[in-house]
Amino acid sequence: MIGMHIRFGNSLTFTRNNVLGTHTLLECWRANQDLVKRFIHVSTDEVYGENKEPEENSSEKTNKAMGGVEFDESKSMLLPTNPYAASKAAAELLVQSYKHSFKIPAIITRGNNVYGPRQYPEKLIPKFIYRMERKQKLCVHGKGSPRRSYLYVEDAAAAYETVLFKGKIGEIYNVGTKDEISVLEVTKAIIAAYGLKEEEEKWIEFVADRHFNDQRYYISVQKLEDLGWTPKMTFAEGIKKTIDWYKKNEKHWAEEDIAGALVPHPRR
């Protein structure tokens, strides 16, 4: 997954990587069908578009605690709101067409945000860790109100392993966590993990918001949990482990390779 600021930049890159790239892999499968038992296509929760609030007397599946309609694999429409998400939806449709026409043994996954060690710092959590290590303020877009679900990388790996070995051919599985947290709450959690909770105001800088920013992608993960998978890592512990890794591996990327990603509004 990539940063929202890039989703509206050179969007032709998404078509090449996601649509042409997926089509190329599908054709590779056609040429080597006997060697491939399962084709796991990794998509994103963004293909659903933004969560809407349920209408009064609606029969849609809702989560009352979170206050909104959950995206369900079998009932929710694909309504992507940016070029990146649209290219991922297009890739899914290619996979679906190969399932119908060529009987590819495919399973599609739609995942929440993943975080953890080794993530390039264009993403929120590693970016803010790098900025904290440089004694720079954490640049929050707008009011920091968009809410996301964050899945630790080891839990994500376990989820895809579950889908690979226990998932049903032809099915779609949402991959994520039921817990949501706002961008501002993530920011404060990182500051607190550095032991600076009492000084959080001096570490936060509110900057201009993005031109468009979906508020929520809240998905149902019941179907995946029915296969026996549940996330193990709490967000607080995952943040701590992630910070520890970046502290121990500060030279993982050369400075010139990450400097452009650390500014408030990177552009590609």
# chains A, B, ... in the order shown; residues from 1 in each chain; ligands from 1
$ residues_around --residues "segment 46-49 of chain A" --least-positions-apart "4" --cutoff "6 Å" --atoms "only C-alpha atoms" --output "list of chain:residue names"
A:Leu78, A:Leu79, A:Pro80, A:Thr81, A:Ala85, A:Ala89
$ residues_around --residues "Thr230 of chain A" --least-positions-apart "4" --cutoff "9 Å" --atoms "only C-alpha atoms" --output "ChimeraX atom specification"
/A:155,158-159,177,224-225
$ residues_around --residues "Asn51 of chain A" --least-positions-apart "5" --cutoff "9 Å" --atoms "only C-alpha atoms" --output "MDAnalysis selection string"
chainID A and resid 68:71 214:219
$ write_last_selection --atoms "all heavy atoms" --output "PDB file, in the first residue's frame"
ATOM      1  N   GLY A  68     -21.040   2.400  11.923  1.00  0.00           N
ATOM      2  CA  GLY A  68     -20.989   2.465  10.473  1.00  0.00           C
ATOM      3  C   GLY A  68     -21.227   1.122   9.827  1.00  0.00           C
ATOM      4  O   GLY A  68     -21.387   0.099  10.487  1.00  0.00           O
ATOM      5  N   VAL A  69     -21.264   1.129   8.497  1.00  0.00           N
ATOM      6  CA  VAL A  69     -21.496  -0.083   7.710  1.00  0.00           C
ATOM      7  C   VAL A  69     -20.165  -0.789   7.473  1.00  0.00           C
ATOM      8  O   VAL A  69     -19.215  -0.196   6.986  1.00  0.00           O
ATOM      9  CB  VAL A  69     -22.150   0.271   6.370  1.00  0.00           C
ATOM     10  CG1 VAL A  69     -22.334  -0.976   5.518  1.00  0.00           C
ATOM     11  CG2 VAL A  69     -23.485   0.966   6.603  1.00  0.00           C
ATOM     12  N   GLU A  70     -20.105  -2.061   7.831  1.00  0.00           N
ATOM     13  CA  GLU A  70     -18.907  -2.848   7.565  1.00  0.00           C
ATOM     14  C   GLU A  70     -18.897  -3.287   6.102  1.00  0.00           C
ATOM     15  O   GLU A  70     -19.923  -3.670   5.560  1.00  0.00           O
ATOM     16  CB  GLU A  70     -18.885  -4.101   8.443  1.00  0.00           C
ATOM     17  CG  GLU A  70     -18.663  -3.847   9.909  1.00  0.00           C
ATOM     18  CD  GLU A  70     -18.648  -5.158  10.685  1.00  0.00           C
ATOM     19  OE1 GLU A  70     -19.482  -6.033  10.388  1.00  0.00           O
ATOM     20  OE2 GLU A  70     -17.807  -5.283  11.578  1.00  0.00           O
ATOM     21  N   PHE A  71     -17.721  -3.258   5.490  1.00  0.00           N
ATOM     22  CA  PHE A  71     -17.587  -3.771   4.140  1.00  0.00           C
ATOM     23  C   PHE A  71     -17.483  -5.291   4.201  1.00  0.00           C
ATOM     24  O   PHE A  71     -16.613  -5.845   4.867  1.00  0.00           O
ATOM     25  CB  PHE A  71     -16.356  -3.184   3.452  1.00  0.00           C
ATOM     26  CG  PHE A  71     -16.512  -1.734   3.074  1.00  0.00           C
ATOM     27  CD1 PHE A  71     -15.512  -0.816   3.371  1.00  0.00           C
ATOM     28  CD2 PHE A  71     -17.646  -1.290   2.419  1.00  0.00           C
ATOM     29  CE1 PHE A  71     -15.647   0.514   3.012  1.00  0.00           C
ATOM     30  CE2 PHE A  71     -17.787   0.042   2.063  1.00  0.00           C
ATOM     31  CZ  PHE A  71     -16.779   0.944   2.361  1.00  0.00           C
ATOM     32  N   ASP A 214     -10.345   9.841   2.197  1.00  0.00           N
ATOM     33  CA  ASP A 214     -11.424   9.017   2.736  1.00  0.00           C
ATOM     34  C   ASP A 214     -11.300   8.940   4.255  1.00  0.00           C
ATOM     35  O   ASP A 214     -10.207   8.800   4.795  1.00  0.00           O
ATOM     36  CB  ASP A 214     -11.359   7.596   2.167  1.00  0.00           C
ATOM     37  CG  ASP A 214     -11.786   7.541   0.706  1.00  0.00           C
ATOM     38  OD1 ASP A 214     -12.532   8.429   0.291  1.00  0.00           O
ATOM     39  OD2 ASP A 214     -11.363   6.609   0.000  1.00  0.00           O
ATOM     40  N   GLN A 215     -12.438   8.996   4.940  1.00  0.00           N
ATOM     41  CA  GLN A 215     -12.421   9.006   6.395  1.00  0.00           C
ATOM     42  C   GLN A 215     -12.270   7.614   6.999  1.00  0.00           C
ATOM     43  O   GLN A 215     -11.626   7.454   8.025  1.00  0.00           O
ATOM     44  CB  GLN A 215     -13.709   9.658   6.933  1.00  0.00           C
ATOM     45  CG  GLN A 215     -13.761  11.160   6.720  1.00  0.00           C
ATOM     46  CD  GLN A 215     -12.654  11.890   7.473  1.00  0.00           C
ATOM     47  OE1 GLN A 215     -12.517  11.761   8.683  1.00  0.00           O
ATOM     48  NE2 GLN A 215     -11.859  12.665   6.755  1.00  0.00           N
ATOM     49  N   ARG A 216     -12.838   6.597   6.360  1.00  0.00           N
ATOM     50  CA  ARG A 216     -12.801   5.263   6.957  1.00  0.00           C
ATOM     51  C   ARG A 216     -12.816   4.174   5.894  1.00  0.00           C
ATOM     52  O   ARG A 216     -13.438   4.329   4.851  1.00  0.00           O
ATOM     53  CB  ARG A 216     -14.024   5.030   7.859  1.00  0.00           C
ATOM     54  CG  ARG A 216     -14.235   5.988   8.970  1.00  0.00           C
ATOM     55  CD  ARG A 216     -15.521   5.646   9.713  1.00  0.00           C
ATOM     56  NE  ARG A 216     -15.382   4.413  10.493  1.00  0.00           N
ATOM     57  CZ  ARG A 216     -16.423   3.676  10.886  1.00  0.00           C
ATOM     58  NH1 ARG A 216     -17.646   4.010  10.536  1.00  0.00           N
ATOM     59  NH2 ARG A 216     -16.232   2.603  11.624  1.00  0.00           N
ATOM     60  N   TYR A 217     -12.143   3.060   6.192  1.00  0.00           N
ATOM     61  CA  TYR A 217     -12.306   1.807   5.456  1.00  0.00           C
ATOM     62  C   TYR A 217     -12.507   0.725   6.513  1.00  0.00           C
ATOM     63  O   TYR A 217     -11.547   0.084   6.950  1.00  0.00           O
ATOM     64  CB  TYR A 217     -11.067   1.461   4.621  1.00  0.00           C
ATOM     65  CG  TYR A 217     -10.606   2.521   3.662  1.00  0.00           C
ATOM     66  CD1 TYR A 217      -9.360   3.126   3.814  1.00  0.00           C
ATOM     67  CD2 TYR A 217     -11.392   2.912   2.590  1.00  0.00           C
ATOM     68  CE1 TYR A 217      -8.912   4.088   2.923  1.00  0.00           C
ATOM     69  CE2 TYR A 217     -10.956   3.879   1.689  1.00  0.00           C
ATOM     70  CZ  TYR A 217      -9.720   4.459   1.869  1.00  0.00           C
ATOM     71  OH  TYR A 217      -9.277   5.414   0.993  1.00  0.00           O
ATOM     72  N   TYR A 218     -13.731   0.543   6.955  1.00  0.00           N
ATOM     73  CA  TYR A 218     -13.984  -0.411   8.034  1.00  0.00           C
ATOM     74  C   TYR A 218     -14.553  -1.695   7.444  1.00  0.00           C
ATOM     75  O   TYR A 218     -15.629  -1.706   6.853  1.00  0.00           O
ATOM     76  CB  TYR A 218     -14.954   0.169   9.063  1.00  0.00           C
ATOM     77  CG  TYR A 218     -15.068  -0.692  10.298  1.00  0.00           C
ATOM     78  CD1 TYR A 218     -13.972  -0.847  11.136  1.00  0.00           C
ATOM     79  CD2 TYR A 218     -16.238  -1.372  10.602  1.00  0.00           C
ATOM     80  CE1 TYR A 218     -14.046  -1.648  12.262  1.00  0.00           C
ATOM     81  CE2 TYR A 218     -16.322  -2.173  11.724  1.00  0.00           C
ATOM     82  CZ  TYR A 218     -15.228  -2.309  12.553  1.00  0.00           C
ATOM     83  OH  TYR A 218     -15.308  -3.119  13.661  1.00  0.00           O
ATOM     84  N   ILE A 219     -13.816  -2.802   7.611  1.00  0.00           N
ATOM     85  CA  ILE A 219     -14.177  -4.050   6.948  1.00  0.00           C
ATOM     86  C   ILE A 219     -14.543  -5.133   7.969  1.00  0.00           C
ATOM     87  O   ILE A 219     -14.096  -5.105   9.113  1.00  0.00           O
ATOM     88  CB  ILE A 219     -13.026  -4.571   6.060  1.00  0.00           C
ATOM     89  CG1 ILE A 219     -11.766  -4.835   6.892  1.00  0.00           C
ATOM     90  CG2 ILE A 219     -12.746  -3.597   4.923  1.00  0.00           C
ATOM     91  CD1 ILE A 219     -10.605  -5.421   6.102  1.00  0.00           C
TER      92      ILE A 219
END
$ residues_around --residues "Leu227 of chain A" --least-positions-apart "2" --cutoff "12 Å" --atoms "only C-alpha atoms" --output "ChimeraX atom specification"
/A:158-168,173-175,221-225,229-230
$ residues_around --residues "Lys137 of chain A" --least-positions-apart "6" --cutoff "9 Å" --atoms "only C-alpha atoms" --output "list in words"
Phe128, Arg131, Lys202, Trp203, Ile204 and Glu205 of chain A
$ write_last_selection --atoms "N, CA and C atoms" --output "mmCIF file, in the first residue's frame"
data_model
loop_
_atom_site.group_PDB
_atom_site.id
_atom_site.type_symbol
_atom_site.label_atom_id
_atom_site.label_comp_id
_atom_site.auth_asym_id
_atom_site.auth_seq_id
_atom_site.Cartn_x
_atom_site.Cartn_y
_atom_site.Cartn_z
ATOM 1 N N PHE A 128 6.746 8.955 10.804
ATOM 2 C CA PHE A 128 6.737 9.674 12.075
ATOM 3 C C PHE A 128 7.853 9.192 12.996
ATOM 4 N N ARG A 131 10.932 10.923 11.786
ATOM 5 C CA ARG A 131 10.915 12.336 12.174
ATOM 6 C C ARG A 131 11.207 12.497 13.669
ATOM 7 N N LYS A 202 3.899 19.991 21.726
ATOM 8 C CA LYS A 202 5.057 20.611 21.072
ATOM 9 C C LYS A 202 5.619 19.744 19.949
ATOM 10 N N TRP A 203 5.193 18.456 19.901
ATOM 11 C CA TRP A 203 5.690 17.555 18.869
ATOM 12 C C TRP A 203 4.739 17.427 17.688
ATOM 13 N N ILE A 204 3.562 18.033 17.775
ATOM 14 C CA ILE A 204 2.562 17.908 16.708
ATOM 15 C C ILE A 204 2.440 19.222 15.948
ATOM 16 N N GLU A 205 2.494 19.136 14.626
ATOM 17 C CA GLU A 205 2.293 20.302 13.756
ATOM 18 C C GLU A 205 1.173 19.973 12.771
#
$ select_by_dssp --residues "segment 101-244 of chain A" --states "strand (DSSP E or B)" --output "ChimeraX atom specification"
/A:106-111,113-115,138-141,147-148,150-152,172-175,181-182,204-207,219
$ closest_atom_pairs --of "segment 153-250 of chain A" --to "segment 8-24 of chain A" --cutoff "12 Å" --atoms "only C-alpha atoms" --output "Markdown table"
| residue | atom | partner | partner_atom | distance |
| --- | --- | --- | --- | --- |
| A:Arg210 | CA | A:Phe8 | CA | 10.1 |
| A:His211 | CA | A:Phe8 | CA | 9.3 |
| A:Phe212 | CA | A:Phe8 | CA | 9.3 |
| A:Asn213 | CA | A:Phe8 | CA | 10.9 |
$ residues_around --residues "Ile40 of chain A" --least-positions-apart "6" --cutoff "7 Å" --atoms "only C-alpha atoms" --output "NGL selection string"
:A and (106-108)
$ residues_around --residues "segment 262-267 of chain A" --least-positions-apart "3" --cutoff "9 Å" --atoms "only C-alpha atoms" --output "list in words"
His5, Ile6, Gly9, Pro121, Glu122, Lys127, Phe128, Tyr130, Arg131, Leu138, Cys139, Val140, His141, Val207, Ala208, Arg210, Ile258 and Ala259 of chain A
$ closest_residue --among "A:Asp72, A:Tyr115, A:Leu94, A:Lys37" --to "Leu25 of chain A" --atoms "only C-alpha atoms"
A:Leu94
$ select_by_dssp --residues "segment 139-218 of chain A" --states "helix (DSSP H, G or I)" --output "number ranges by chain"
A: 153-166, 183-193, 197-203
$ atom_distance --atom1 "atom CA of Ser220 of chain A" --atom2 "atom CA of Val114 of chain A"
16.3 Å
$ closest_residue --among "A:Tyr120, A:Phe235, A:Trp29, A:Tyr98" --to "Asp257 of chain A" --atoms "only C-alpha atoms"
A:Tyr120
